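Source file: run-v4.cif (mmCIF, C-alpha atoms)
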```cif
data_work
#
loop_
_atom_site.label_atom_id
_atom_site.label_comp_id
_atom_site.auth_asym_id
_atom_site.auth_seq_id
_atom_site.Cartn_x
_atom_site.Cartn_y
_atom_site.Cartn_z
CA MET K 816 40.32 -292.12 -41.48
CA LYS K 817 42.44 -293.91 -44.05
CA ALA K 818 42.16 -290.94 -46.41
CA GLN K 819 40.55 -287.52 -46.22
CA VAL K 820 37.16 -287.38 -47.91
CA LYS K 821 37.09 -285.01 -50.89
CA VAL K 822 34.56 -282.27 -51.52
CA GLY K 823 32.38 -283.48 -54.39
CA ALA K 824 32.49 -287.17 -53.39
CA THR K 825 29.04 -288.74 -53.65
CA GLY K 826 27.16 -291.66 -52.21
CA GLU K 827 23.97 -293.10 -53.62
CA LEU K 828 21.26 -295.41 -52.39
CA SER K 829 18.10 -296.53 -54.16
CA PHE K 830 15.08 -298.34 -52.79
CA THR K 831 11.50 -299.22 -53.64
CA VAL K 832 8.95 -297.78 -51.21
CA GLU K 833 7.41 -300.61 -49.16
CA ALA K 834 4.55 -300.82 -46.64
CA GLY K 835 6.81 -300.43 -43.58
CA GLN K 836 8.07 -297.07 -44.85
CA LEU K 837 4.65 -295.49 -45.29
CA ILE K 838 2.62 -293.10 -43.18
CA ASP K 839 -1.14 -293.51 -43.31
CA PHE K 840 -3.09 -290.35 -42.55
CA HIS K 841 -6.35 -292.31 -42.07
CA GLN K 842 -8.26 -289.91 -44.28
CA PRO K 843 -10.72 -291.15 -46.91
CA GLY K 844 -9.24 -290.91 -50.39
CA LEU K 845 -5.73 -290.09 -49.13
CA PRO K 846 -3.34 -292.98 -49.83
CA PRO K 847 -0.35 -293.74 -47.59
CA VAL K 848 2.96 -292.21 -48.70
CA LEU K 849 6.66 -292.48 -47.86
CA SER K 850 7.18 -291.11 -44.34
CA THR K 851 9.72 -288.38 -43.67
CA PRO K 852 11.58 -290.44 -41.01
CA SER K 853 11.99 -293.31 -43.48
CA LEU K 854 13.25 -290.94 -46.15
CA VAL K 855 15.76 -289.40 -43.73
CA TRP K 856 17.08 -292.89 -42.89
CA PHE K 857 17.90 -293.51 -46.56
CA LEU K 858 19.44 -290.05 -47.02
CA GLU K 859 21.71 -290.68 -44.01
CA HIS K 860 22.76 -294.04 -45.43
CA ALA K 861 23.68 -292.42 -48.75
CA ALA K 862 26.07 -290.20 -46.75
CA ILE K 863 27.36 -293.17 -44.76
CA ALA K 864 28.23 -294.84 -48.08
CA VAL K 865 30.66 -291.99 -48.84
CA LEU K 866 32.53 -292.28 -45.54
CA GLU K 867 32.44 -296.00 -44.80
CA PRO K 868 35.27 -297.03 -47.18
CA LEU K 869 37.52 -294.35 -45.68
CA LEU K 870 37.08 -295.31 -42.03
CA GLU K 871 39.86 -296.96 -40.07
CA PRO K 872 39.05 -300.04 -38.00
CA GLY K 873 37.48 -298.78 -34.78
CA GLU K 874 35.92 -295.68 -36.39
CA ILE K 875 32.30 -294.89 -37.17
CA SER K 876 30.50 -291.87 -38.58
CA LEU K 877 27.61 -290.42 -36.61
CA GLY K 878 24.87 -288.14 -37.88
CA THR K 879 24.98 -284.86 -35.96
CA GLU K 880 22.61 -282.63 -37.91
CA ILE K 881 20.01 -282.89 -40.65
CA GLU K 882 17.81 -280.31 -42.32
CA VAL K 883 15.53 -281.74 -44.99
CA GLN K 884 12.66 -280.35 -46.99
CA HIS K 885 10.26 -283.18 -47.90
CA LEU K 886 8.83 -281.66 -51.07
CA ALA K 887 6.58 -284.26 -52.67
CA PRO K 888 4.70 -287.45 -51.74
CA THR K 889 5.78 -290.89 -52.94
CA PRO K 890 3.35 -293.82 -52.85
CA ALA K 891 4.27 -297.46 -52.31
CA GLY K 892 5.91 -299.22 -55.23
CA LEU K 893 7.82 -296.25 -56.64
CA ARG K 894 11.61 -296.29 -56.76
CA VAL K 895 13.51 -293.57 -54.85
CA HIS K 896 17.11 -292.54 -55.57
CA CYS K 897 19.02 -290.77 -52.77
CA THR K 898 22.26 -288.89 -53.28
CA ALA K 899 24.63 -287.36 -50.72
CA ARG K 900 27.39 -285.06 -52.01
CA VAL K 901 30.21 -283.80 -49.79
CA VAL K 902 30.15 -280.00 -49.66
CA ARG K 903 32.38 -279.34 -46.63
CA VAL K 904 35.13 -281.13 -44.73
CA ASP K 905 36.36 -279.75 -41.42
CA GLY K 906 38.55 -282.40 -39.81
CA PRO K 907 36.27 -285.18 -38.57
CA ALA K 908 33.10 -283.20 -39.48
CA VAL K 909 31.74 -283.72 -42.99
CA GLY K 910 28.86 -281.75 -44.50
CA PHE K 911 26.65 -283.16 -47.24
CA GLN K 912 24.05 -281.83 -49.62
CA VAL K 913 21.36 -284.52 -49.82
CA GLU K 914 18.67 -285.07 -52.41
CA ALA K 915 16.02 -287.68 -53.18
CA ARG K 916 14.05 -288.24 -56.37
CA ASP K 917 11.33 -290.74 -57.11
CA ASP K 918 10.54 -292.00 -60.61
CA ARG K 919 8.68 -288.76 -61.31
CA GLU K 920 10.25 -285.79 -59.48
CA LEU K 921 12.52 -284.31 -56.83
CA ILE K 922 10.98 -285.30 -53.48
CA ALA K 923 13.52 -283.99 -50.95
CA ARG K 924 16.62 -281.85 -50.55
CA GLY K 925 18.65 -280.60 -47.66
CA LEU K 926 21.84 -280.65 -45.66
CA HIS K 927 23.31 -283.33 -43.44
CA GLN K 928 26.37 -283.40 -41.21
CA ARG K 929 28.28 -286.42 -39.95
CA ARG K 930 31.27 -286.71 -37.63
CA VAL K 931 33.88 -289.45 -37.61
CA VAL K 932 34.57 -290.72 -34.08
CA ARG K 933 36.32 -293.59 -32.34
CA ILE K 934 33.83 -296.35 -31.48
CA GLU K 935 35.42 -296.98 -28.07
CA ASN K 936 35.09 -293.31 -27.05
CA PHE K 937 31.47 -293.15 -28.18
CA ALA K 938 30.64 -296.44 -26.43
CA ARG K 939 32.25 -295.22 -23.20
CA ARG K 940 30.17 -292.03 -23.33
CA VAL K 941 26.95 -293.96 -23.89
CA GLN K 942 27.75 -296.44 -21.11
CA ALA K 943 28.48 -293.62 -18.66
CA LYS K 944 25.19 -291.98 -19.48
CA ALA K 945 23.30 -295.28 -19.13
CA ALA K 946 24.96 -295.98 -15.77
CA ALA K 947 23.88 -292.57 -14.46
CA HIS K 948 20.29 -293.31 -15.46
#
```

Please rewrite the model in this file as structure tokens.
Amino acid sequence: MKAQVKVGATGELSFTVEAGQLIDFHQPGLPPVLSTPSLVWFLEHAAIAVLEPLLEPGEISLGTEIEVQHLAPTPAGLRVHCTARVVRVDGPAVGFQVEARDDRELIARGLHQRRVVRIENFARRVQAKAAAH
């Protein structure tokens, strides 16, 4: 990394909930809402936004752990704001507190961990696993 990430650094990402991000429960009277996997994708990318400017060429950050409480439903058309705040740095491992709010309320909170690795090492590991398949 070009510089060590600081505790308290934040990344943000906002989006409007679209059809491809919804889960439909196929129950009468129950509208589709933002799916948990879609929400997690945006929370991860808020964390990526913190680390990306600090990465050296040939480095990438990988998600290694996520624990999220999805607290409230969000229908299509509402805006969601995701925030990732660095709470722990241990060498290449960085811990984040993540949170998402829609236009009305807090919809998710949790913890996320990422690790900075060399792309070539990660690619070699994946290729070796694929070759053994």

Given the PyMOL selection byres ((chain K and resi 831) around 7) and the file above, list the residues it selects as an MDAnalysis selection string. chainID K and resid 830 832:833 892:895

Starting from the shown file, work through the PyMOL selection byres ((chain K and resi 903) around 10) and note down what comes out as an mmCIF file with C-alpha atoms, in the frame of the given file.
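Generated output (part37.cif):
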```cif
data_model
loop_
_atom_site.group_PDB
_atom_site.id
_atom_site.type_symbol
_atom_site.label_atom_id
_atom_site.label_comp_id
_atom_site.auth_asym_id
_atom_site.auth_seq_id
_atom_site.Cartn_x
_atom_site.Cartn_y
_atom_site.Cartn_z
ATOM 1 C CA VAL K 820 37.160 -287.380 -47.910
ATOM 2 C CA LYS K 821 37.090 -285.010 -50.890
ATOM 3 C CA VAL K 822 34.560 -282.270 -51.520
ATOM 4 C CA GLY K 823 32.380 -283.480 -54.390
ATOM 5 C CA ARG K 900 27.390 -285.060 -52.010
ATOM 6 C CA VAL K 901 30.210 -283.800 -49.790
ATOM 7 C CA VAL K 902 30.150 -280.000 -49.660
ATOM 8 C CA VAL K 904 35.130 -281.130 -44.730
ATOM 9 C CA ASP K 905 36.360 -279.750 -41.420
ATOM 10 C CA GLY K 906 38.550 -282.400 -39.810
ATOM 11 C CA ALA K 908 33.100 -283.200 -39.480
ATOM 12 C CA VAL K 909 31.740 -283.720 -42.990
ATOM 13 C CA GLY K 910 28.860 -281.750 -44.500
ATOM 14 C CA PHE K 911 26.650 -283.160 -47.240
ATOM 15 C CA GLN K 912 24.050 -281.830 -49.620
ATOM 16 C CA GLN K 928 26.370 -283.400 -41.210
#
```

Let me know the residues the PyMOL selection byres ((chain K and resi 843-855) around 12) catches in the file above, as JSON, numbers by chain. {"K": [828, 829, 830, 831, 832, 833, 834, 835, 836, 837, 838, 839, 840, 841, 842, 856, 857, 858, 859, 860, 861, 862, 878, 880, 881, 882, 883, 884, 885, 886, 887, 888, 889, 890, 891, 892, 893, 894, 895, 896, 897, 898, 899, 913, 914, 915, 916, 917, 922, 923, 924, 925, 926, 927]}

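Computed from the coordinates, the atom CA of Lys817 of chain K to atom CA of Phe937 of chain K distance equals 19.3 Å.
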
Selected residue, from K:Thr825, K:Arg933, K:Met816, K:His948, that lies nearest to Leu869 of chain K when counting all atoms listed in the file: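 Comparing K:Thr825, K:Arg933, K:Met816, K:His948 against Leu869 of chain K, the winner is K:Met816.
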
Length of the atom CA of Arg929 of chain K to atom CA of Ile863 of chain K vector [Å]: 8.3 Å

Which value, in Å to one decimal, gives the distance between atom CA of Ala946 of chain K and atom CA of Pro872 of chain K?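 Between atom CA of Ala946 of chain K and atom CA of Pro872 of chain K the gap works out to 26.6 Å.
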
Got a sec to write segment 874-906 of chain K of the block to a file, N, CA and C atoms, as a tab-separated table (two decimals), in the first residue's frame?
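After the write, result18.tsv holds the following:
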```tsv
chain	number	residue	atom	x	y	z
K	874	GLU	N	-1.77	-4.55	-6.49
K	874	GLU	CA	-2.47	-4.93	-5.26
K	874	GLU	C	-3.97	-4.84	-5.45
K	875	ILE	N	-4.68	-5.61	-4.64
K	875	ILE	CA	-6.14	-5.60	-4.63
K	875	ILE	C	-6.58	-5.87	-3.19
K	876	SER	N	-7.78	-5.41	-2.84
K	876	SER	CA	-8.31	-5.79	-1.53
K	876	SER	C	-9.41	-6.82	-1.75
K	877	LEU	N	-9.41	-7.83	-0.89
K	877	LEU	CA	-10.38	-8.92	-0.98
K	877	LEU	C	-11.22	-8.94	0.28
K	878	GLY	N	-12.52	-9.14	0.13
K	878	GLY	CA	-13.39	-9.31	1.28
K	878	GLY	C	-13.14	-10.67	1.90
K	879	THR	N	-12.92	-10.72	3.22
K	879	THR	CA	-12.65	-11.98	3.89
K	879	THR	C	-13.70	-12.33	4.92
K	880	GLU	N	-14.50	-11.36	5.32
K	880	GLU	CA	-15.53	-11.63	6.32
K	880	GLU	C	-16.58	-10.52	6.28
K	881	ILE	N	-17.83	-10.91	6.48
K	881	ILE	CA	-18.89	-9.91	6.60
K	881	ILE	C	-19.97	-10.43	7.52
K	882	GLU	N	-20.42	-9.56	8.39
K	882	GLU	CA	-21.52	-9.86	9.31
K	882	GLU	C	-22.45	-8.66	9.26
K	883	VAL	N	-23.63	-8.86	8.69
K	883	VAL	CA	-24.55	-7.75	8.47
K	883	VAL	C	-25.94	-8.10	8.99
K	884	GLN	N	-26.52	-7.17	9.70
K	884	GLN	CA	-27.93	-7.27	10.07
K	884	GLN	C	-28.72	-6.43	9.07
K	885	HIS	N	-29.61	-7.07	8.32
K	885	HIS	CA	-30.49	-6.36	7.39
K	885	HIS	C	-31.75	-6.05	8.18
K	886	LEU	N	-31.91	-4.80	8.57
K	886	LEU	CA	-32.89	-4.41	9.59
K	886	LEU	C	-34.25	-3.96	9.06
K	887	ALA	N	-34.29	-3.48	7.83
K	887	ALA	CA	-35.54	-2.91	7.33
K	887	ALA	C	-35.62	-3.07	5.81
K	888	PRO	N	-36.83	-3.24	5.28
K	888	PRO	CA	-37.00	-3.39	3.83
K	888	PRO	C	-36.91	-2.06	3.10
K	889	THR	N	-36.45	-2.14	1.85
K	889	THR	CA	-36.38	-0.95	1.00
K	889	THR	C	-36.96	-1.31	-0.36
K	890	PRO	N	-38.05	-0.64	-0.76
K	890	PRO	CA	-38.65	-0.93	-2.06
K	890	PRO	C	-37.89	-0.24	-3.20
K	891	ALA	N	-38.19	-0.64	-4.41
K	891	ALA	CA	-37.60	-0.04	-5.60
K	891	ALA	C	-37.86	1.46	-5.62
K	892	GLY	N	-36.87	2.19	-6.14
K	892	GLY	CA	-37.02	3.63	-6.30
K	892	GLY	C	-36.45	4.45	-5.16
K	893	LEU	N	-36.26	3.87	-3.99
K	893	LEU	CA	-35.68	4.62	-2.88
K	893	LEU	C	-34.16	4.68	-3.03
K	894	ARG	N	-33.59	5.73	-2.51
K	894	ARG	CA	-32.14	5.93	-2.52
K	894	ARG	C	-31.56	5.30	-1.26
K	895	VAL	N	-30.41	4.62	-1.40
K	895	VAL	CA	-29.72	4.00	-0.27
K	895	VAL	C	-28.31	4.59	-0.20
K	896	HIS	N	-27.89	4.91	1.02
K	896	HIS	CA	-26.56	5.49	1.27
K	896	HIS	C	-25.79	4.50	2.14
K	897	CYS	N	-24.67	4.01	1.64
K	897	CYS	CA	-23.83	3.04	2.36
K	897	CYS	C	-22.56	3.73	2.83
K	898	THR	N	-22.16	3.41	4.05
K	898	THR	CA	-20.94	3.97	4.62
K	898	THR	C	-20.11	2.84	5.22
K	899	ALA	N	-18.81	2.89	4.99
K	899	ALA	CA	-17.86	1.96	5.60
K	899	ALA	C	-16.81	2.79	6.32
K	900	ARG	N	-16.65	2.56	7.61
K	900	ARG	CA	-15.69	3.30	8.42
K	900	ARG	C	-14.64	2.35	8.97
K	901	VAL	N	-13.37	2.67	8.79
K	901	VAL	CA	-12.29	1.82	9.29
K	901	VAL	C	-12.28	1.85	10.81
K	902	VAL	N	-12.34	0.66	11.41
K	902	VAL	CA	-12.30	0.56	12.87
K	902	VAL	C	-11.07	-0.21	13.37
K	903	ARG	N	-10.37	-0.89	12.45
K	903	ARG	CA	-9.19	-1.66	12.87
K	903	ARG	C	-8.27	-1.87	11.68
K	904	VAL	N	-6.99	-1.70	11.92
K	904	VAL	CA	-5.97	-1.97	10.90
K	904	VAL	C	-4.93	-2.87	11.55
K	905	ASP	N	-4.70	-4.02	10.92
K	905	ASP	CA	-3.71	-4.98	11.41
K	905	ASP	C	-2.90	-5.45	10.20
K	906	GLY	N	-1.91	-4.66	9.84
K	906	GLY	CA	-1.11	-4.95	8.64
K	906	GLY	C	-2.00	-4.88	7.42
```
